[in-house]
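Okay, structure first, notes after.
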Amino acid sequence: MKKFRKRFQVKANTEGYLFKQNIFDCKLSAGVYTFWDWNNELELISLSTVPKMLTITNQEVLTKDNIAFRFSFYLVYKIVDGEKLLRNFDLDQYTSVTNQAQQTIWTLAQLHIKNIIANYDCQELNEKREELKGLNKEELNIQLEKYGVIIEEMELKDLTFPKSIQDLFSKHLEAKIRAKADLENARTAVATARTLKNASELMK
């Protein structure tokens with residue numbers, strides 16, 4: 001009779017989704033389960049319940065003023081509805097459901113960030129990185145809701161411009177610093193002249 005009994009393990013920090021005759025039957029929390037399976041019709045798929053990180057590197061995009069550069073970012077996602085996830089991916093593929101989900105998240109996040117960055121010109125992008133904090137993940141979560149996934153955190157890691165553009169940024173920064181120094185020097189000279197004038201008038 002043992003051959004008709006099937007034993008499943010659902011490990012800690014995962015949820016099990018039991019299928020009977022390829023139809024979803026029930027959800028199982030962490031533990032060990034034994035079922036009668038007379039016709040070998042049961043299958044268990046386990047999904048993690050803890051957040052996972054994805055790092056996407058070396059992506060190329062054009063700014064609003066048509067300057068090409070590369071960027072990297074990371075995101076932290078979590079499966080919040082395993083049934084939705086399983087309904088949206090092919091359970092018979094050679095890749096796991098989790099890998100399929102990660103590929104979908106990766107693609108949607110990449111397009112989402114490229115669309116955001118394309119609205120800035122290169123100088124704005126270099127100066128306003130703080131405005132990109134969070135990368136409007138709420139908008140991306142609307143797209144991912146049907147997959148039962150939520151983005152908990154998403155941030156840019158690196159922005160890499162061509163060397164010629166980096167040189168221009170350096171020259172622009174140098175000019176700003178020099179202009180600021182010249183302005184301070186001019187203010188100091190005016191203050192000194194005013195002091196000397198006041199002292200001269202006092203002596204008279």
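Chain identifiers are assigned as A, B, and so on, following the order in which chains appear in the structure tokens; residues are numbered from 1 within each chain, and ligands are numbered from 1 in order of appearance.
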
Write out as a PDB file with N, CA and C atoms, in the first residue's frame the residues lying within 12 Å of stretch 55-60 of chain A, counting only C-alpha atoms and excluding same-chain residues fewer than 2 positions away.
```pdb
ATOM      1  N   LYS A  52      13.032  38.588  -2.474  1.00  0.00           N
ATOM      2  CA  LYS A  52      14.232  38.208  -3.221  1.00  0.00           C
ATOM      3  C   LYS A  52      14.732  39.421  -3.993  1.00  0.00           C
ATOM      4  N   MET A  53      16.060  39.462  -4.169  1.00  0.00           N
ATOM      5  CA  MET A  53      16.679  40.599  -4.855  1.00  0.00           C
ATOM      6  C   MET A  53      17.093  40.217  -6.270  1.00  0.00           C
ATOM      7  N   LEU A  62      18.800  55.949 -24.101  1.00  0.00           N
ATOM      8  CA  LEU A  62      19.040  57.302 -24.594  1.00  0.00           C
ATOM      9  C   LEU A  62      18.307  58.300 -23.710  1.00  0.00           C
ATOM     10  N   THR A  63      18.980  59.397 -23.381  1.00  0.00           N
ATOM     11  CA  THR A  63      18.322  60.474 -22.653  1.00  0.00           C
ATOM     12  C   THR A  63      17.462  61.280 -23.626  1.00  0.00           C
ATOM     13  N   ASN A  66      19.196  62.632 -26.502  1.00  0.00           N
ATOM     14  CA  ASN A  66      19.834  61.611 -27.348  1.00  0.00           C
ATOM     15  C   ASN A  66      21.283  61.302 -26.980  1.00  0.00           C
ATOM     16  N   ILE A  67      21.590  61.312 -25.700  1.00  0.00           N
ATOM     17  CA  ILE A  67      22.900  60.883 -25.224  1.00  0.00           C
ATOM     18  C   ILE A  67      22.769  59.456 -24.701  1.00  0.00           C
ATOM     19  N   ALA A  68      23.565  58.550 -25.256  1.00  0.00           N
ATOM     20  CA  ALA A  68      23.512  57.146 -24.829  1.00  0.00           C
ATOM     21  C   ALA A  68      24.370  56.958 -23.587  1.00  0.00           C
ATOM     22  N   PHE A  69      23.846  56.228 -22.627  1.00  0.00           N
ATOM     23  CA  PHE A  69      24.625  55.897 -21.431  1.00  0.00           C
ATOM     24  C   PHE A  69      24.123  54.569 -20.889  1.00  0.00           C
ATOM     25  N   ARG A  70      24.841  54.057 -19.892  1.00  0.00           N
ATOM     26  CA  ARG A  70      24.488  52.772 -19.299  1.00  0.00           C
ATOM     27  C   ARG A  70      24.131  52.949 -17.828  1.00  0.00           C
ATOM     28  N   PHE A  71      23.243  52.091 -17.355  1.00  0.00           N
ATOM     29  CA  PHE A  71      22.830  52.172 -15.958  1.00  0.00           C
ATOM     30  C   PHE A  71      22.630  50.768 -15.396  1.00  0.00           C
ATOM     31  N   SER A  72      22.696  50.674 -14.080  1.00  0.00           N
ATOM     32  CA  SER A  72      22.414  49.430 -13.359  1.00  0.00           C
ATOM     33  C   SER A  72      21.441  49.747 -12.237  1.00  0.00           C
ATOM     34  N   PHE A  73      20.620  48.777 -11.886  1.00  0.00           N
ATOM     35  CA  PHE A  73      19.698  48.991 -10.780  1.00  0.00           C
ATOM     36  C   PHE A  73      19.419  47.657 -10.092  1.00  0.00           C
ATOM     37  N   TYR A  74      18.833  47.743  -8.909  1.00  0.00           N
ATOM     38  CA  TYR A  74      18.425  46.538  -8.213  1.00  0.00           C
ATOM     39  C   TYR A  74      16.982  46.699  -7.759  1.00  0.00           C
ATOM     40  N   LEU A  75      16.323  45.575  -7.544  1.00  0.00           N
ATOM     41  CA  LEU A  75      14.969  45.595  -7.005  1.00  0.00           C
ATOM     42  C   LEU A  75      14.788  44.416  -6.063  1.00  0.00           C
ATOM     43  N   VAL A  76      13.871  44.579  -5.127  1.00  0.00           N
ATOM     44  CA  VAL A  76      13.503  43.519  -4.191  1.00  0.00           C
ATOM     45  C   VAL A  76      12.026  43.225  -4.419  1.00  0.00           C
ATOM     46  N   TYR A  77      11.721  41.968  -4.773  1.00  0.00           N
ATOM     47  CA  TYR A  77      10.333  41.598  -5.034  1.00  0.00           C
ATOM     48  C   TYR A  77       9.886  40.484  -4.099  1.00  0.00           C
ATOM     49  N   GLN A 102      10.832  35.759 -12.592  1.00  0.00           N
ATOM     50  CA  GLN A 102      11.959  36.694 -12.524  1.00  0.00           C
ATOM     51  C   GLN A 102      12.230  37.325 -13.878  1.00  0.00           C
ATOM     52  N   GLN A 103      12.119  36.542 -14.941  1.00  0.00           N
ATOM     53  CA  GLN A 103      12.347  37.089 -16.277  1.00  0.00           C
ATOM     54  C   GLN A 103      11.303  38.139 -16.623  1.00  0.00           C
ATOM     55  N   ILE A 105       9.564  39.992 -14.415  1.00  0.00           N
ATOM     56  CA  ILE A 105       9.847  41.153 -13.563  1.00  0.00           C
ATOM     57  C   ILE A 105      11.020  41.944 -14.132  1.00  0.00           C
ATOM     58  N   TRP A 106      12.063  41.237 -14.517  1.00  0.00           N
ATOM     59  CA  TRP A 106      13.267  41.855 -15.091  1.00  0.00           C
ATOM     60  C   TRP A 106      12.904  42.685 -16.317  1.00  0.00           C
ATOM     61  N   THR A 107      12.125  42.125 -17.224  1.00  0.00           N
ATOM     62  CA  THR A 107      11.773  42.816 -18.467  1.00  0.00           C
ATOM     63  C   THR A 107      10.906  44.041 -18.202  1.00  0.00           C
ATOM     64  N   LEU A 108       9.866  43.881 -17.375  1.00  0.00           N
ATOM     65  CA  LEU A 108       8.965  44.994 -17.092  1.00  0.00           C
ATOM     66  C   LEU A 108       9.685  46.121 -16.347  1.00  0.00           C
ATOM     67  N   ALA A 109      10.558  45.756 -15.410  1.00  0.00           N
ATOM     68  CA  ALA A 109      11.302  46.768 -14.653  1.00  0.00           C
ATOM     69  C   ALA A 109      12.270  47.520 -15.562  1.00  0.00           C
ATOM     70  N   GLN A 110      12.927  46.794 -16.442  1.00  0.00           N
ATOM     71  CA  GLN A 110      13.877  47.420 -17.369  1.00  0.00           C
ATOM     72  C   GLN A 110      13.166  48.456 -18.253  1.00  0.00           C
ATOM     73  N   LEU A 111      12.028  48.074 -18.831  1.00  0.00           N
ATOM     74  CA  LEU A 111      11.283  48.996 -19.688  1.00  0.00           C
ATOM     75  C   LEU A 111      10.751  50.184 -18.882  1.00  0.00           C
ATOM     76  N   ILE A 113      12.008  51.594 -16.156  1.00  0.00           N
ATOM     77  CA  ILE A 113      13.064  52.547 -15.810  1.00  0.00           C
ATOM     78  C   ILE A 113      13.568  53.285 -17.049  1.00  0.00           C
ATOM     79  N   LYS A 114      13.676  52.580 -18.162  1.00  0.00           N
ATOM     80  CA  LYS A 114      14.099  53.251 -19.395  1.00  0.00           C
ATOM     81  C   LYS A 114      13.132  54.371 -19.766  1.00  0.00           C
ATOM     82  N   ASN A 115      11.843  54.138 -19.594  1.00  0.00           N
ATOM     83  CA  ASN A 115      10.852  55.168 -19.914  1.00  0.00           C
ATOM     84  C   ASN A 115      10.977  56.375 -18.989  1.00  0.00           C
ATOM     85  N   ILE A 117      13.845  57.378 -17.404  1.00  0.00           N
ATOM     86  CA  ILE A 117      15.106  58.061 -17.680  1.00  0.00           C
ATOM     87  C   ILE A 117      15.056  58.830 -18.999  1.00  0.00           C
ATOM     88  N   ALA A 118      14.310  58.317 -19.963  1.00  0.00           N
ATOM     89  CA  ALA A 118      14.229  58.957 -21.272  1.00  0.00           C
ATOM     90  C   ALA A 118      13.558  60.329 -21.222  1.00  0.00           C
ATOM     91  N   GLU A 153      11.216  47.303  -3.091  1.00  0.00           N
ATOM     92  CA  GLU A 153      12.295  48.304  -3.128  1.00  0.00           C
ATOM     93  C   GLU A 153      12.910  48.295  -4.516  1.00  0.00           C
ATOM     94  N   MET A 154      13.258  49.482  -5.030  1.00  0.00           N
ATOM     95  CA  MET A 154      13.890  49.562  -6.353  1.00  0.00           C
ATOM     96  C   MET A 154      14.696  50.849  -6.425  1.00  0.00           C
ATOM     97  N   GLU A 155      15.974  50.734  -6.740  1.00  0.00           N
ATOM     98  CA  GLU A 155      16.859  51.907  -6.760  1.00  0.00           C
ATOM     99  C   GLU A 155      17.905  51.762  -7.869  1.00  0.00           C
ATOM    100  N   LEU A 156      18.317  52.917  -8.409  1.00  0.00           N
ATOM    101  CA  LEU A 156      19.458  52.948  -9.326  1.00  0.00           C
ATOM    102  C   LEU A 156      20.746  52.692  -8.562  1.00  0.00           C
ATOM    103  N   LYS A 157      21.671  51.982  -9.172  1.00  0.00           N
ATOM    104  CA  LYS A 157      22.990  51.765  -8.568  1.00  0.00           C
ATOM    105  C   LYS A 157      24.043  52.632  -9.240  1.00  0.00           C
ATOM    106  N   ASP A 158      24.087  52.602 -10.569  1.00  0.00           N
ATOM    107  CA  ASP A 158      25.139  53.308 -11.308  1.00  0.00           C
ATOM    108  C   ASP A 158      24.556  53.975 -12.537  1.00  0.00           C
ATOM    109  N   LEU A 159      25.120  55.132 -12.881  1.00  0.00           N
ATOM    110  CA  LEU A 159      24.881  55.790 -14.167  1.00  0.00           C
ATOM    111  C   LEU A 159      26.248  56.029 -14.794  1.00  0.00           C
ATOM    112  N   THR A 160      26.469  55.501 -15.975  1.00  0.00           N
ATOM    113  CA  THR A 160      27.779  55.624 -16.608  1.00  0.00           C
ATOM    114  C   THR A 160      27.632  56.297 -17.973  1.00  0.00           C
ATOM    115  N   PHE A 161      28.127  57.532 -18.065  1.00  0.00           N
ATOM    116  CA  PHE A 161      28.074  58.279 -19.321  1.00  0.00           C
ATOM    117  C   PHE A 161      29.358  58.044 -20.128  1.00  0.00           C
ATOM    118  N   PRO A 162      29.310  58.273 -21.455  1.00  0.00           N
ATOM    119  CA  PRO A 162      30.545  58.197 -22.262  1.00  0.00           C
ATOM    120  C   PRO A 162      31.588  59.172 -21.719  1.00  0.00           C
TER     121      PRO A 162
END
```

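Across the model, the gap from atom CA of A:Asn40 to atom CA of A:Gly82 is 23.6 Å.
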
Can you list, as a PDB file with N, CA and C atoms, in the first residue's frame, all residues belonging to stretch 10-93 of chain A that DSSP tags as alpha helix (DSSP H)?
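See result_35.pdb below for the written result:
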```pdb
ATOM      1  N   GLY A  82       0.498  33.408  -4.647  1.00  0.00           N
ATOM      2  CA  GLY A  82       1.054  32.309  -5.439  1.00  0.00           C
ATOM      3  C   GLY A  82       0.088  31.750  -6.463  1.00  0.00           C
ATOM      4  N   GLU A  83      -1.209  31.770  -6.172  1.00  0.00           N
ATOM      5  CA  GLU A  83      -2.184  31.244  -7.134  1.00  0.00           C
ATOM      6  C   GLU A  83      -2.189  32.075  -8.413  1.00  0.00           C
ATOM      7  N   LYS A  84      -2.129  33.407  -8.262  1.00  0.00           N
ATOM      8  CA  LYS A  84      -2.050  34.268  -9.445  1.00  0.00           C
ATOM      9  C   LYS A  84      -0.792  33.974 -10.241  1.00  0.00           C
ATOM     10  N   LEU A  85       0.316  33.821  -9.526  1.00  0.00           N
ATOM     11  CA  LEU A  85       1.592  33.559 -10.193  1.00  0.00           C
ATOM     12  C   LEU A  85       1.504  32.277 -11.022  1.00  0.00           C
ATOM     13  N   LEU A  86       0.970  31.235 -10.432  1.00  0.00           N
ATOM     14  CA  LEU A  86       0.905  29.947 -11.114  1.00  0.00           C
ATOM     15  C   LEU A  86      -0.063  29.967 -12.295  1.00  0.00           C
ATOM     16  N   ARG A  87      -1.071  30.824 -12.225  1.00  0.00           N
ATOM     17  CA  ARG A  87      -2.024  30.910 -13.339  1.00  0.00           C
ATOM     18  C   ARG A  87      -1.421  31.611 -14.547  1.00  0.00           C
TER      19      ARG A  87
END
```

Practice task
Identify, on the basis of only C-alpha atoms, every residue whose closest approach to A:Leu42 does not exceed 12 Å; exclude the query and any residue fewer than 3 positions from it along the same chain; express the result as JSON, numbers by chain.
Solution key: {"A": [4, 5, 6, 7, 8, 17, 18, 19, 20, 21, 22, 23, 24, 25, 26, 34, 35, 36, 37, 38, 39, 45]}

Print the selection's residues with N, CA and C atoms to a file, as a CSV table (one decimal), in the first residue's frame.
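Now in again37.csv:
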```csv
chain,number,residue,atom,x,y,z
A,4,PHE,N,1.1,3.6,-3.0
A,4,PHE,CA,0.0,4.5,-3.3
A,4,PHE,C,-0.1,5.7,-2.4
A,5,ARG,N,0.9,5.8,-1.5
A,5,ARG,CA,1.0,7.0,-0.6
A,5,ARG,C,2.1,7.9,-1.1
A,6,LYS,N,1.8,9.2,-1.1
A,6,LYS,CA,2.8,10.2,-1.6
A,6,LYS,C,3.1,11.2,-0.5
A,7,ARG,N,4.4,11.4,-0.2
A,7,ARG,CA,4.8,12.3,0.9
A,7,ARG,C,5.4,13.5,0.3
A,8,PHE,N,4.9,14.7,0.8
A,8,PHE,CA,5.4,16.0,0.3
A,8,PHE,C,6.0,16.8,1.5
A,17,TYR,N,1.7,24.4,-3.2
A,17,TYR,CA,0.5,24.5,-4.0
A,17,TYR,C,0.3,23.1,-4.6
A,18,LEU,N,-0.8,22.4,-4.1
A,18,LEU,CA,-1.0,21.0,-4.5
A,18,LEU,C,-2.0,21.0,-5.7
A,19,PHE,N,-1.5,20.2,-6.7
A,19,PHE,CA,-2.3,20.0,-7.9
A,19,PHE,C,-2.8,18.5,-8.0
A,20,LYS,N,-4.0,18.3,-8.4
A,20,LYS,CA,-4.5,17.0,-8.6
A,20,LYS,C,-5.1,16.9,-10.0
A,21,GLN,N,-4.6,16.0,-10.8
A,21,GLN,CA,-5.0,15.9,-12.2
A,21,GLN,C,-4.7,17.2,-12.9
A,22,ASN,N,-3.6,17.9,-12.6
A,22,ASN,CA,-3.2,19.2,-13.2
A,22,ASN,C,-4.2,20.3,-12.9
A,23,ILE,N,-5.0,20.2,-11.8
A,23,ILE,CA,-5.9,21.2,-11.4
A,23,ILE,C,-5.5,21.6,-10.0
A,24,PHE,N,-5.4,22.9,-9.7
A,24,PHE,CA,-5.1,23.4,-8.4
A,24,PHE,C,-6.1,22.8,-7.3
A,25,ASP,N,-5.6,22.2,-6.3
A,25,ASP,CA,-6.4,21.6,-5.3
A,25,ASP,C,-6.4,22.4,-3.9
A,26,CYS,N,-5.2,22.7,-3.4
A,26,CYS,CA,-5.2,23.4,-2.1
A,26,CYS,C,-3.8,24.0,-1.9
A,34,THR,N,1.2,13.7,3.9
A,34,THR,CA,1.1,12.4,3.2
A,34,THR,C,-0.3,12.3,2.7
A,35,PHE,N,-0.4,11.9,1.4
A,35,PHE,CA,-1.7,11.8,0.7
A,35,PHE,C,-1.7,10.4,0.0
A,36,TRP,N,-3.0,9.9,-0.1
A,36,TRP,CA,-3.2,8.7,-0.9
A,36,TRP,C,-3.2,9.2,-2.3
A,37,ASP,N,-2.5,8.5,-3.2
A,37,ASP,CA,-2.4,8.9,-4.6
A,37,ASP,C,-2.5,7.6,-5.4
A,38,TRP,N,-3.7,7.1,-5.6
A,38,TRP,CA,-3.9,5.8,-6.3
A,38,TRP,C,-3.4,5.8,-7.7
A,39,ASN,N,-3.5,6.9,-8.4
A,39,ASN,CA,-3.2,6.9,-9.9
A,39,ASN,C,-2.1,7.9,-10.2
A,45,ILE,N,4.0,22.1,-6.1
A,45,ILE,CA,4.9,23.2,-6.5
A,45,ILE,C,5.0,24.1,-5.3
```

Problem - Interatomic distance, atom CA of A:Asn99 to atom CA of A:Tyr147 (Å, one decimal) - result: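 Interatomic distance here is 13.2 Å.
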
Exercise for the section: Just the residues within 10 Å of A:Lys11, please, counting only C-alpha atoms, with nothing from its chain fewer than 5 positions along; format it as JSON, numbers by chain. Expected result: {"A": [16, 29, 30, 31, 32, 46, 47, 48]}

Handout entry: All residues 8 Å or closer to A:Leu140, only C-alpha atoms, same chain fewer than 2 positions away omitted, as an MDAnalysis selection string
Key = chainID A and resid 108:109 112 136:138 142:144 151

Please produce a file of the residues just selected, as an mmCIF file, in the first residue's frame, where the atoms kept are N, CA and C atoms.
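Once everything was written out, this is result-v3.cif:
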```cif
data_model
loop_
_atom_site.group_PDB
_atom_site.id
_atom_site.type_symbol
_atom_site.label_atom_id
_atom_site.label_comp_id
_atom_site.auth_asym_id
_atom_site.auth_seq_id
_atom_site.Cartn_x
_atom_site.Cartn_y
_atom_site.Cartn_z
ATOM 1 N N LEU A 108 9.866 43.881 -17.375
ATOM 2 C CA LEU A 108 8.965 44.994 -17.092
ATOM 3 C C LEU A 108 9.685 46.121 -16.347
ATOM 4 N N ALA A 109 10.558 45.756 -15.410
ATOM 5 C CA ALA A 109 11.302 46.768 -14.653
ATOM 6 C C ALA A 109 12.270 47.520 -15.562
ATOM 7 N N HIS A 112 10.290 49.897 -17.674
ATOM 8 C CA HIS A 112 9.749 50.939 -16.802
ATOM 9 C C HIS A 112 10.802 52.011 -16.518
ATOM 10 N N ASN A 136 9.516 55.314 -9.005
ATOM 11 C CA ASN A 136 8.067 55.203 -9.186
ATOM 12 C C ASN A 136 7.616 53.738 -9.212
ATOM 13 N N LYS A 137 8.061 52.974 -8.225
ATOM 14 C CA LYS A 137 7.749 51.541 -8.200
ATOM 15 C C LYS A 137 6.251 51.265 -8.085
ATOM 16 N N GLU A 138 5.481 52.236 -7.576
ATOM 17 C CA GLU A 138 4.033 52.043 -7.462
ATOM 18 C C GLU A 138 3.400 51.811 -8.835
ATOM 19 N N ILE A 142 1.497 48.203 -10.352
ATOM 20 C CA ILE A 142 0.185 48.056 -11.003
ATOM 21 C C ILE A 142 0.273 47.015 -12.118
ATOM 22 N N GLN A 143 1.379 47.045 -12.867
ATOM 23 C CA GLN A 143 1.565 46.064 -13.944
ATOM 24 C C GLN A 143 1.777 44.654 -13.400
ATOM 25 N N LEU A 144 2.453 44.561 -12.247
ATOM 26 C CA LEU A 144 2.811 43.249 -11.697
ATOM 27 C C LEU A 144 1.707 42.644 -10.843
ATOM 28 N N ILE A 151 6.812 44.790 -5.904
ATOM 29 C CA ILE A 151 8.167 45.315 -5.738
ATOM 30 C C ILE A 151 8.207 46.083 -4.425
#
```

Practice task
Give me every strand (DSSP E or B) residue in stretch 44-164 of chain A, going by DSSP on the backbone, as a ChimeraX atom specification.
Solution key: /A:44-48,52-62,68-79,149-160

Exercise for the section: Mind giving me the straight-line distance from atom CA of A:Lys146 to atom CA of A:Asp90 in Å, one decimal? Expected result: 15.1 Å
